[in-house]
$ cat protein.pdb   # PDB, C-alpha atoms and all ligand atoms
ATOM      1  CA  MET A1416      18.418 -12.298  11.128
ATOM      2  CA  ILE A1417      16.283 -13.017  14.206
ATOM      3  CA  ALA A1418      12.916 -11.373  14.681
ATOM      4  CA  SER A1419      13.938  -8.848  17.332
ATOM      5  CA  ASP A1420      16.777  -7.608  15.087
ATOM      6  CA  ARG A1421      14.292  -7.148  12.275
ATOM      7  CA  THR A1422      11.894  -5.313  14.596
ATOM      8  CA  ARG A1423      14.714  -2.975  15.615
ATOM      9  CA  GLU A1424      15.672  -2.483  11.978
ATOM     10  CA  PHE A1425      12.068  -1.661  11.080
ATOM     11  CA  GLU A1426      11.771   0.773  13.969
ATOM     12  CA  ASP A1427      15.065   2.404  13.145
ATOM     13  CA  GLN A1428      15.051   2.462   9.325
ATOM     14  CA  GLY A1429      11.311   2.183   8.611
ATOM     15  CA  TYR A1430      11.734  -0.877   6.409
ATOM     16  CA  VAL A1431      12.986  -4.445   6.229
ATOM     17  CA  LEU A1432      14.034  -6.084   2.967
ATOM     18  CA  GLN A1433      13.719  -9.863   2.745
ATOM     19  CA  ARG A1434      15.536 -11.103  -0.326
ATOM     20  CA  GLY A1435      14.161 -14.315  -1.877
ATOM     21  CA  PHE A1436      11.035 -14.226   0.296
ATOM     22  CA  LEU A1437       9.123 -16.260  -2.306
ATOM     23  CA  SER A1438      10.430 -19.318  -4.127
ATOM     24  CA  ALA A1439      10.157 -19.622  -7.915
ATOM     25  CA  ASP A1440       7.048 -21.831  -7.514
ATOM     26  CA  GLU A1441       5.447 -19.393  -5.084
ATOM     27  CA  ILE A1442       6.113 -16.476  -7.446
ATOM     28  CA  GLU A1443       4.490 -18.354 -10.314
ATOM     29  CA  ALA A1444       1.457 -19.261  -8.173
ATOM     30  CA  LEU A1445       1.117 -15.637  -7.042
ATOM     31  CA  ARG A1446       1.398 -14.320 -10.614
ATOM     32  CA  GLU A1447      -1.301 -16.752 -11.727
ATOM     33  CA  ALA A1448      -3.643 -15.748  -8.862
ATOM     34  CA  LEU A1449      -3.056 -12.077  -9.679
ATOM     35  CA  ARG A1450      -3.715 -12.591 -13.393
ATOM     36  CA  GLU A1451      -7.042 -14.270 -12.584
ATOM     37  CA  ALA A1452      -8.039 -11.575 -10.087
ATOM     38  CA  GLN A1453      -7.009  -8.733 -12.443
ATOM     39  CA  GLN A1454      -9.361 -10.096 -15.093
ATOM     40  CA  VAL A1455     -12.360  -9.730 -12.827
ATOM     41  CA  ALA A1456     -11.294  -6.534 -11.019
ATOM     42  CA  ALA A1457     -14.133  -4.013 -10.865
ATOM     43  CA  GLU A1458     -13.726  -1.089 -13.266
ATOM     44  CA  SER A1459     -13.748   1.276 -10.302
ATOM     45  CA  ASP A1460     -10.707  -0.561  -8.952
ATOM     46  CA  VAL A1461      -8.533   0.041 -12.004
ATOM     47  CA  LEU A1462      -6.546   3.241 -12.336
ATOM     48  CA  ASP A1463      -4.462   3.999 -15.416
ATOM     49  CA  ARG A1464      -2.205   6.971 -14.995
ATOM     50  CA  LYS A1465       0.521   7.966 -17.468
ATOM     51  CA  GLY A1466       1.864   4.488 -18.116
ATOM     52  CA  MET A1467       1.209   3.189 -14.592
ATOM     53  CA  THR A1468      -1.640   0.764 -13.987
ATOM     54  CA  PHE A1469      -2.996   0.151 -10.492
ATOM     55  CA  LYS A1470      -5.507  -2.640  -9.823
ATOM     56  CA  HIS A1471      -6.954  -2.505  -6.329
ATOM     57  CA  ASN A1472      -8.847  -4.739  -3.952
ATOM     58  CA  LEU A1473      -7.883  -7.897  -5.808
ATOM     59  CA  TRP A1474      -8.180  -9.990  -2.651
ATOM     60  CA  LYS A1475     -11.928  -9.401  -2.718
ATOM     61  CA  ALA A1476     -12.167 -11.310  -6.017
ATOM     62  CA  SER A1477      -9.754 -14.089  -5.178
ATOM     63  CA  PRO A1478      -9.824 -16.837  -2.532
ATOM     64  CA  LYS A1479      -6.262 -17.711  -3.640
ATOM     65  CA  LEU A1480      -5.024 -14.200  -2.834
ATOM     66  CA  ARG A1481      -6.880 -14.204   0.492
ATOM     67  CA  GLU A1482      -5.147 -17.455   1.295
ATOM     68  CA  PHE A1483      -1.742 -16.051   0.325
ATOM     69  CA  ILE A1484      -1.988 -12.749   2.215
ATOM     70  CA  THR A1485      -3.175 -14.491   5.380
ATOM     71  CA  SER A1486      -0.828 -17.491   5.021
ATOM     72  CA  PRO A1487       1.476 -18.605   7.853
ATOM     73  CA  LYS A1488       4.501 -17.513   5.791
ATOM     74  CA  VAL A1489       3.297 -13.958   5.179
ATOM     75  CA  VAL A1490       1.618 -13.469   8.548
ATOM     76  CA  GLY A1491       4.613 -14.965  10.385
ATOM     77  CA  PHE A1492       6.999 -12.546   8.638
ATOM     78  CA  LEU A1493       4.802  -9.527   9.427
ATOM     79  CA  CYS A1494       3.887 -10.376  12.993
ATOM     80  CA  ASP A1495       7.514 -10.984  13.962
ATOM     81  CA  ILE A1496       8.291  -7.434  12.929
ATOM     82  CA  VAL A1497       5.220  -5.264  13.520
ATOM     83  CA  GLY A1498       3.111  -7.071  16.106
ATOM     84  CA  PRO A1499       0.530  -9.772  16.572
ATOM     85  CA  ASP A1500      -2.877  -8.442  15.437
ATOM     86  CA  LEU A1501      -3.450  -7.301  11.877
ATOM     87  CA  TRP A1502      -6.090  -6.836   9.207
ATOM     88  CA  VAL A1503      -5.754  -6.211   5.486
ATOM     89  CA  ARG A1504      -6.690  -2.662   4.479
ATOM     90  CA  TRP A1505      -5.919  -2.785   0.771
ATOM     91  CA  ASP A1506      -4.015  -4.588  -1.918
ATOM     92  CA  GLN A1507      -2.965  -3.632  -5.423
ATOM     93  CA  THR A1508      -0.772  -4.545  -8.353
ATOM     94  CA  ILE A1509       1.315  -1.708  -9.743
ATOM     95  CA  GLU A1510       2.661  -1.990 -13.257
ATOM     96  CA  LYS A1511       4.917   0.635 -14.802
ATOM     97  CA  GLN A1512       5.174   0.288 -18.549
ATOM     98  CA  PRO A1513       8.145   1.491 -20.662
ATOM     99  CA  GLY A1514       7.927   5.294 -20.554
ATOM    100  CA  GLY A1515       5.621   5.103 -17.477
ATOM    101  CA  ALA A1516       5.749   8.343 -15.506
ATOM    102  CA  ALA A1517       7.475   9.189 -12.222
ATOM    103  CA  PHE A1518       5.535   8.936  -8.952
ATOM    104  CA  PRO A1519       6.931  11.691  -6.718
ATOM    105  CA  TRP A1520       8.041  11.539  -3.047
ATOM    106  CA  HIS A1521       5.151  10.866  -0.696
ATOM    107  CA  GLN A1522       3.948   8.911   2.297
ATOM    108  CA  ASP A1523       1.050   6.571   1.589
ATOM    109  CA  ASN A1524      -0.890   8.373   4.336
ATOM    110  CA  GLY A1525      -0.685  11.457   2.088
ATOM    111  CA  TYR A1526      -2.997   9.684  -0.371
ATOM    112  CA  ASN A1527      -5.310   7.675   1.844
ATOM    113  CA  GLY A1528      -5.853  10.339   4.521
ATOM    114  CA  LEU A1529      -5.241   7.905   7.389
ATOM    115  CA  LEU A1530      -3.753   9.131  10.638
ATOM    116  CA  ASP A1531      -2.100   5.923  11.878
ATOM    117  CA  MET A1532       0.970   4.181  10.587
ATOM    118  CA  HIS A1533       0.242   0.986   8.712
ATOM    119  CA  PHE A1534       2.401  -1.559   6.988
ATOM    120  CA  GLN A1535       3.106  -1.963   3.287
ATOM    121  CA  LEU A1536       4.275  -5.359   2.088
ATOM    122  CA  TRP A1537       5.684  -4.714  -1.381
ATOM    123  CA  ILE A1538       6.572  -7.849  -3.354
ATOM    124  CA  ALA A1539       8.615  -7.563  -6.549
ATOM    125  CA  LEU A1540       7.244  -9.669  -9.405
ATOM    126  CA  THR A1541       9.773  -8.491 -12.004
ATOM    127  CA  PRO A1542      13.290  -7.108 -11.612
ATOM    128  CA  MET A1543      13.187  -3.550 -10.217
ATOM    129  CA  THR A1544      16.044  -1.386 -11.411
ATOM    130  CA  ILE A1545      17.160   2.219 -11.549
ATOM    131  CA  ASP A1546      16.055   2.314 -15.199
ATOM    132  CA  ASN A1547      12.660   0.631 -15.091
ATOM    133  CA  GLY A1548      11.162   2.674 -12.247
ATOM    134  CA  GLY A1549      12.404   0.812  -9.162
ATOM    135  CA  LEU A1550      11.481   2.000  -5.684
ATOM    136  CA  TRP A1551      13.400   4.736  -3.836
ATOM    137  CA  LEU A1552      13.119   5.284  -0.083
ATOM    138  CA  GLN A1553      14.335   7.815   2.468
ATOM    139  CA  PRO A1554      15.344   5.496   5.327
ATOM    140  CA  GLY A1555      14.332   6.867   8.728
ATOM    141  CA  SER A1556      11.756   9.287   7.270
ATOM    142  CA  HIS A1557       8.945   7.321   8.969
ATOM    143  CA  LYS A1558      10.101   8.932  12.224
ATOM    144  CA  LEU A1559       8.674  12.249  10.988
ATOM    145  CA  GLY A1560       5.171  10.822  11.532
ATOM    146  CA  LYS A1561       2.493  12.021   9.159
ATOM    147  CA  VAL A1562       3.796  14.977   7.150
ATOM    148  CA  THR A1563       1.844  17.476   5.067
ATOM    149  CA  HIS A1564       1.846  17.064   1.289
ATOM    150  CA  GLU A1565       1.288  19.633  -1.404
ATOM    151  CA  SER A1566      -0.832  18.735  -4.437
ATOM    152  CA  ILE A1567       0.901  18.579  -7.805
ATOM    153  CA  GLY A1568      -1.437  17.515 -10.603
ATOM    154  CA  SER A1569      -2.983  14.231  -9.622
ATOM    155  CA  HIS A1570      -0.230  13.560  -7.061
ATOM    156  CA  VAL A1571       0.608  14.689  -3.557
ATOM    157  CA  TYR A1572       4.221  15.527  -2.756
ATOM    158  CA  ASN A1573       6.663  16.057   0.056
ATOM    159  CA  PRO A1574      10.357  15.952  -0.955
ATOM    160  CA  GLY A1575      11.656  15.197   2.556
ATOM    161  CA  ASP A1576      15.453  15.166   2.540
ATOM    162  CA  GLU A1577      16.554  13.875  -0.848
ATOM    163  CA  SER A1578      20.172  13.542   0.288
ATOM    164  CA  LYS A1579      18.962  10.468   2.193
ATOM    165  CA  GLU A1580      17.465   8.665  -0.803
ATOM    166  CA  VAL A1581      18.364   5.043  -1.547
ATOM    167  CA  LEU A1582      17.243   2.865  -4.428
ATOM    168  CA  VAL A1583      16.013  -0.610  -3.512
ATOM    169  CA  PRO A1584      16.913  -2.787  -6.491
ATOM    170  CA  ALA A1585      14.900  -5.997  -6.291
ATOM    171  CA  GLU A1586      14.456  -9.350  -7.963
ATOM    172  CA  PRO A1587      11.197 -11.282  -8.361
ATOM    173  CA  GLY A1588      10.199 -12.743  -4.998
ATOM    174  CA  ASP A1589      12.011 -10.138  -2.873
ATOM    175  CA  ALA A1590       9.732  -8.595  -0.241
ATOM    176  CA  LEU A1591      10.040  -5.148   1.259
ATOM    177  CA  LEU A1592       8.038  -4.305   4.366
ATOM    178  CA  PHE A1593       7.872  -0.572   4.961
ATOM    179  CA  SER A1594       6.057   1.914   7.142
ATOM    180  CA  SER A1595       3.254   3.906   5.540
ATOM    181  CA  PHE A1596       5.065   6.981   6.940
ATOM    182  CA  MET A1597       8.123   6.159   4.791
ATOM    183  CA  LEU A1598       8.787   8.768   2.110
ATOM    184  CA  HIS A1599       9.136   6.907  -1.183
ATOM    185  CA  LYS A1600       8.999   7.509  -4.920
ATOM    186  CA  THR A1601       9.513   5.801  -8.258
ATOM    187  CA  ASN A1602      11.110   7.441 -11.291
ATOM    188  CA  GLN A1603      10.090   7.207 -14.916
ATOM    189  CA  ASN A1604      10.605   3.826 -16.570
ATOM    190  CA  VAL A1605      13.189   4.785 -19.183
ATOM    191  CA  THR A1606      13.569   1.285 -20.660
ATOM    192  CA  GLU A1607      12.124   0.464 -24.047
ATOM    193  CA  ASP A1608      10.840  -2.993 -23.279
ATOM    194  CA  GLN A1609      10.561  -3.670 -19.528
ATOM    195  CA  THR A1610       7.258  -3.441 -17.694
ATOM    196  CA  ARG A1611       7.960  -3.638 -13.981
ATOM    197  CA  MET A1612       5.379  -5.008 -11.598
ATOM    198  CA  ALA A1613       4.881  -5.193  -7.847
ATOM    199  CA  TYR A1614       2.108  -6.554  -5.648
ATOM    200  CA  VAL A1615       1.473  -4.485  -2.536
ATOM    201  CA  ILE A1616      -0.611  -5.546   0.454
ATOM    202  CA  GLU A1617      -1.343  -3.036   3.204
ATOM    203  CA  TYR A1618      -1.913  -4.235   6.767
ATOM    204  CA  MET A1619      -3.189  -2.277   9.761
ATOM    205  CA  ARG A1620      -3.147  -3.061  13.459
ATOM    206  CA  LEU A1621      -6.502  -4.454  14.587
ATOM    207  CA  GLY A1622      -7.066  -1.463  16.872
ATOM    208  CA  ASP A1623      -6.643   1.012  13.995
ATOM    209  CA  VAL A1624      -9.261   1.830  11.398
ATOM    210  CA  ASP A1625      -9.774   3.130   7.906
ATOM    211  CA  PRO A1626     -13.150   4.914   7.981
ATOM    212  CA  PHE A1627     -13.145   5.442   4.203
ATOM    213  CA  ILE A1628     -13.343   1.888   2.840
ATOM    214  CA  GLU A1629     -16.220  -0.528   2.456
ATOM    215  CA  ALA A1630     -16.955  -3.911   4.079
ATOM    216  CA  PRO A1631     -16.162  -6.745   4.136
ATOM    217  CA  TYR A1632     -12.865  -6.553   5.989
ATOM    218  CA  LEU A1633     -10.245  -9.266   6.153
ATOM    219  CA  ILE A1634      -8.619 -10.162   9.457
ATOM    220  CA  ALA A1635      -5.141 -11.618   8.897
ATOM    221  CA  ALA A1636      -3.659 -12.341  12.329
ATOM    222  CA  ARG A1637      -4.619 -12.552  15.967
ATOM    223  CA  GLY A1638      -2.131 -13.196  18.740
ATOM    224  CA  GLY A1639       0.648 -13.569  16.173
ATOM    225  CA  GLU A1640      -1.109 -16.469  14.416
ATOM    226  CA  PRO A1641      -2.881 -16.552  11.047
ATOM    227  CA  ALA A1642      -6.590 -15.982  11.709
ATOM    228  CA  ALA A1643      -8.191 -15.382   8.317
ATOM    229  CA  ALA A1644     -11.780 -14.145   8.679
ATOM    230  CA  LEU A1645     -14.044 -11.895   6.669
ATOM    231  CA  VAL A1646     -15.934  -9.565   8.987
ATOM    232  CA  PRO A1647     -18.603  -6.890   8.423
ATOM    233  CA  ARG A1648     -17.018  -4.341  10.809
ATOM    234  CA  GLN A1649     -13.474  -3.199  11.429
ATOM    235  CA  PRO A1650     -12.553  -4.417  14.913
ATOM    236  CA  GLY A1651     -11.551  -0.904  16.039
ATOM    237  CA  SER A1652     -14.569   0.857  14.556
ATOM    238  CA  ARG A1653     -16.549   1.128  17.790
ATOM    239  CA  SER A1654     -13.727   2.678  19.781
ATOM    240  CA  LEU A1655     -14.428   6.244  20.825
ATOM    241  CA  ARG A1656     -10.796   7.114  20.262
ATOM    242  CA  ASN A1657     -11.099   6.169  16.569
ATOM    243  CA  GLN A1658     -14.488   7.805  16.119
ATOM    244  CA  ARG A1659     -13.189  11.082  17.541
ATOM    245  CA  LYS A1660      -9.948  10.888  15.599
ATOM    246  CA  TYR A1661     -11.767  10.695  12.253
ATOM    247  CA  LEU A1662     -14.699  13.006  12.959
ATOM    248  CA  VAL A1663     -13.195  16.036  11.189
ATOM    249  CA  PRO A1664     -11.610  14.074   8.256
ATOM    250  CA  ARG A1665     -14.957  12.328   7.655
ATOM    251  CA  VAL A1666     -16.872  15.592   7.564
ATOM    252  CA  HIS A1667     -14.287  17.038   5.138
ATOM    253  CA  ARG A1668     -14.528  14.028   2.876
ATOM    254  CA  SER A1669     -18.357  14.067   2.853
ATOM    255  CA  LEU A1670     -18.378  17.787   2.035
ATOM    256  CA  SER A1671     -15.877  17.286  -0.760
ATOM    257  CA  HIS A1672     -17.962  14.427  -2.264
ATOM    258  CA  LEU A1673     -21.023  16.620  -2.035
ATOM    259  CA  ARG A1674     -19.248  19.539  -3.759
ATOM    260  CA  HIS A1675     -18.245  17.270  -6.622
ATOM    261  CA  ARG A1676     -21.850  16.137  -7.088
ATOM    262  CA  LEU A1677     -23.475  19.583  -6.907
ATOM    263  CA  PRO A1678     -24.125  21.550 -10.123
ATOM    264  CA  ALA A1679     -21.570  24.363 -10.623
ATOM    265  CA  LYS A1680     -24.193  27.089 -10.164
ATOM    266  CA  LEU A1681     -24.793  25.804  -6.645
ATOM    267  CA  GLY A1682     -21.097  25.938  -5.828
ATOM    268  CA  GLY A1683     -20.212  22.418  -6.895
ATOM    269  CA  LYS A1684     -17.518  21.194  -9.279
ATOM    270  CA  SER A1685     -19.558  18.811 -11.415
ATOM    271  CA  GLY A1686     -20.890  21.519 -13.723
ATOM    272  CA  SER A1687     -23.833  19.273 -14.671
TER     273      SER A1687
HETATM  274  O1  LIG B   1       5.642   2.051  -8.224
HETATM  275  C1  LIG B   1       5.464   1.463  -7.158
HETATM  276  O2  LIG B   1       5.631   0.244  -7.023
HETATM  277  C2  LIG B   1       5.066   2.239  -5.951
HETATM  278  C3  LIG B   1       4.194   3.386  -6.310
HETATM  279  C4  LIG B   1       3.901   4.109  -5.061
HETATM  280  O3  LIG B   1       4.751   4.797  -4.582
HETATM  281  C5  LIG B   1       2.640   3.916  -4.363
HETATM  282  O4  LIG B   1       1.738   3.230  -4.885
HETATM  283  O5  LIG B   1       2.507   4.450  -3.252
END

$ encode --input "protein.pdb" --output "structure tokens"
Amino acid sequence: MIASDRTREFEDQGYVLQRGFLSADEIEALREALREAQQVAAESDVLDRKGMTFKHNLWKASPKLREFITSPKVVGFLCDIVGPDLWVRWDQTIEKQPGGAAFPWHQDNGYNGLLDMHFQLWIALTPMTIDNGGLWLQPGSHKLGKVTHESIGSHVYNPGDESKEVLVPAEPGDALLFSSFMLHKTNQNVTEDQTRMAYVIEYMRLGDVDPFIEAPYLIAARGGEPAAALVPRQPGSRSLRNQRKYLVPRVHRSLSHLRHRLPAKLGGKSGS
């Protein structure tokens, strides 16, 4: 498929699936780099939740991962579809062990509080099936823009229109690029012996910001070309448009952090 077809597909469906994106050697090299980075991941970047393990910000610990996620192959694939100027907001491995719990319908913006669409490159590192907690999408749901989510336990949830759901079965090395506004979910892993694993890298347009994460930031592409650089500021952070856009969310987040730190008798939630 040529790039403009893929761009149209992304705009229309909210995702593009590239089967066999990585060769067997590339998958092995990526697994090895991830194993090394997972071993040194900061404790604060590891989240274990009901049989799902998330390890975040692995690129920060790994020159090999930085090289991979800003490589001509990855950047070329992304830029052809979503545009020429990108930085890396986040990365994580997601492992769902046998019995690992469901992760209900949501947009990623429902968790990270961001207002702009960004781009999720989800790479399968094991087979992903209906039984082991493979990924389900609602194609076209990205056109809703950012939707509201209700909180259920530790999750946020918006069911969208479940009659539109499709499973994306995948093999190791398949890559799925999807909009952060895409409603998606994974079901419980009902196998007895299969842990399924994906590596997800999130890219944003250079003009868009995430005011909630810490430096350094990794530029991936400029003008459609790989342009790996670690920088102390997000390129869009000085724009008035972005500062205004996040004024209210930033105040809310600061107040909520403060409430969690205050003793209960002063109205906080910490109770200490
Ligand atoms: O299980 C997965 O690979 C995806 C989980 C998920 O929906 C997410 O991290 O947003």

$ residues_near_ligand --input "protein.pdb" --ligand "ligand LIG 1 (chain B)" --cutoff "9 Å" --atoms "all atoms listed in the file" --output "ChimeraX atom specification"
/A:1467,1469,1507-1511,1517-1523,1526,1537-1539,1548-1551,1595,1598-1602,1611-1615

$ closest_residue --input "protein.pdb" --among "A:Val1605, A:Ile1545, A:Val1562, A:Ile1616" --to "Ala1585 (chain A)" --atoms "all atoms listed in the file"
A:Ile1545

$ residues_around --input "protein.pdb" --residues "region 1482-1495 of chain A" --least-positions-apart "6" --cutoff "6 Å" --atoms "only C-alpha atoms" --output "PyMOL selection string"
chain A and resi 1418+1635+1639+1641+1643

$ residues_around --input "protein.pdb" --residues "Arg1504 (chain A)" --least-positions-apart "5" --cutoff "8 Å" --atoms "only C-alpha atoms" --output "MDAnalysis selection string"
chainID A and resid 1616:1619 1625 1632:1633

$ write_last_selection --input "protein.pdb" --atoms "C-alpha atoms" --output "PDB file, in the frame of the given file"
ATOM      1  CA  ILE A1616      -0.611  -5.546   0.454  1.00  0.00           C
ATOM      2  CA  GLU A1617      -1.343  -3.036   3.204  1.00  0.00           C
ATOM      3  CA  TYR A1618      -1.913  -4.235   6.767  1.00  0.00           C
ATOM      4  CA  MET A1619      -3.189  -2.277   9.761  1.00  0.00           C
ATOM      5  CA  ASP A1625      -9.774   3.130   7.906  1.00  0.00           C
ATOM      6  CA  TYR A1632     -12.865  -6.553   5.989  1.00  0.00           C
ATOM      7  CA  LEU A1633     -10.245  -9.266   6.153  1.00  0.00           C
TER       8      LEU A1633
END

$ atom_distance --input "protein.pdb" --atom1 "CA of Phe1596 (chain A)" --atom2 "CA of Ser1556 (chain A)"
7.1 Å

$ atom_distance --input "protein.pdb" --atom1 "CA of Lys1660 (chain A)" --atom2 "CA of Gly1622 (chain A)"
12.7 Å

$ decode --input "protein.pdb" --residues "region 1604-1650 of chain A" --atoms "C-alpha atoms" --output "PDB file, in the first residue's frame"
ATOM      1  CA  ASN A1604      -6.271 -13.733  29.331  1.00  0.00           C
ATOM      2  CA  VAL A1605      -8.146 -17.016  29.700  1.00  0.00           C
ATOM      3  CA  THR A1606      -5.234 -19.249  28.645  1.00  0.00           C
ATOM      4  CA  GLU A1607      -3.393 -21.333  31.196  1.00  0.00           C
ATOM      5  CA  ASP A1608       0.105 -20.845  29.889  1.00  0.00           C
ATOM      6  CA  GLN A1609       0.395 -17.875  27.501  1.00  0.00           C
ATOM      7  CA  THR A1610       1.738 -14.522  28.632  1.00  0.00           C
ATOM      8  CA  ARG A1611       1.109 -12.013  25.871  1.00  0.00           C
ATOM      9  CA  MET A1612       3.354  -9.014  25.439  1.00  0.00           C
ATOM     10  CA  ALA A1613       3.345  -5.803  23.430  1.00  0.00           C
ATOM     11  CA  TYR A1614       5.704  -2.841  23.235  1.00  0.00           C
ATOM     12  CA  VAL A1615       3.945   0.486  22.784  1.00  0.00           C
ATOM     13  CA  ILE A1616       5.597   3.765  21.821  1.00  0.00           C
ATOM     14  CA  GLU A1617       3.558   6.965  21.861  1.00  0.00           C
ATOM     15  CA  TYR A1618       4.462   9.821  19.520  1.00  0.00           C
ATOM     16  CA  MET A1619       3.147  13.385  19.496  1.00  0.00           C
ATOM     17  CA  ARG A1620       3.363  16.108  16.883  1.00  0.00           C
ATOM     18  CA  LEU A1621       6.180  18.536  17.684  1.00  0.00           C
ATOM     19  CA  GLY A1622       3.701  21.390  18.127  1.00  0.00           C
ATOM     20  CA  ASP A1623       1.723  19.470  20.770  1.00  0.00           C
ATOM     21  CA  VAL A1624       2.715  19.065  24.392  1.00  0.00           C
ATOM     22  CA  ASP A1625       2.292  16.893  27.433  1.00  0.00           C
ATOM     23  CA  PRO A1626       2.567  19.266  30.413  1.00  0.00           C
ATOM     24  CA  PHE A1627       2.551  16.391  32.921  1.00  0.00           C
ATOM     25  CA  ILE A1628       5.801  14.557  32.143  1.00  0.00           C
ATOM     26  CA  GLU A1629       9.398  15.270  33.046  1.00  0.00           C
ATOM     27  CA  ALA A1630      12.447  16.148  30.914  1.00  0.00           C
ATOM     28  CA  PRO A1631      14.405  15.064  29.001  1.00  0.00           C
ATOM     29  CA  TYR A1632      12.289  14.746  25.877  1.00  0.00           C
ATOM     30  CA  LEU A1633      13.168  12.758  22.790  1.00  0.00           C
ATOM     31  CA  ILE A1634      12.685  14.258  19.344  1.00  0.00           C
ATOM     32  CA  ALA A1635      12.136  11.522  16.747  1.00  0.00           C
ATOM     33  CA  ALA A1636      11.568  13.246  13.399  1.00  0.00           C
ATOM     34  CA  ARG A1637      11.838  16.619  11.741  1.00  0.00           C
ATOM     35  CA  GLY A1638      10.748  17.279   8.181  1.00  0.00           C
ATOM     36  CA  GLY A1639       9.886  13.602   7.754  1.00  0.00           C
ATOM     37  CA  GLU A1640      13.455  12.482   8.526  1.00  0.00           C
ATOM     38  CA  PRO A1641      14.846  10.774  11.631  1.00  0.00           C
ATOM     39  CA  ALA A1642      16.252  13.504  13.887  1.00  0.00           C
ATOM     40  CA  ALA A1643      16.981  11.849  17.227  1.00  0.00           C
ATOM     41  CA  ALA A1644      17.795  14.437  19.907  1.00  0.00           C
ATOM     42  CA  LEU A1645      17.328  14.647  23.644  1.00  0.00           C
ATOM     43  CA  VAL A1646      16.103  18.106  24.597  1.00  0.00           C
ATOM     44  CA  PRO A1647      15.328  19.794  27.935  1.00  0.00           C
ATOM     45  CA  ARG A1648      12.074  21.424  26.728  1.00  0.00           C
ATOM     46  CA  GLN A1649       9.169  20.217  24.641  1.00  0.00           C
ATOM     47  CA  PRO A1650       9.309  22.176  21.383  1.00  0.00           C
TER      48      PRO A1650
END
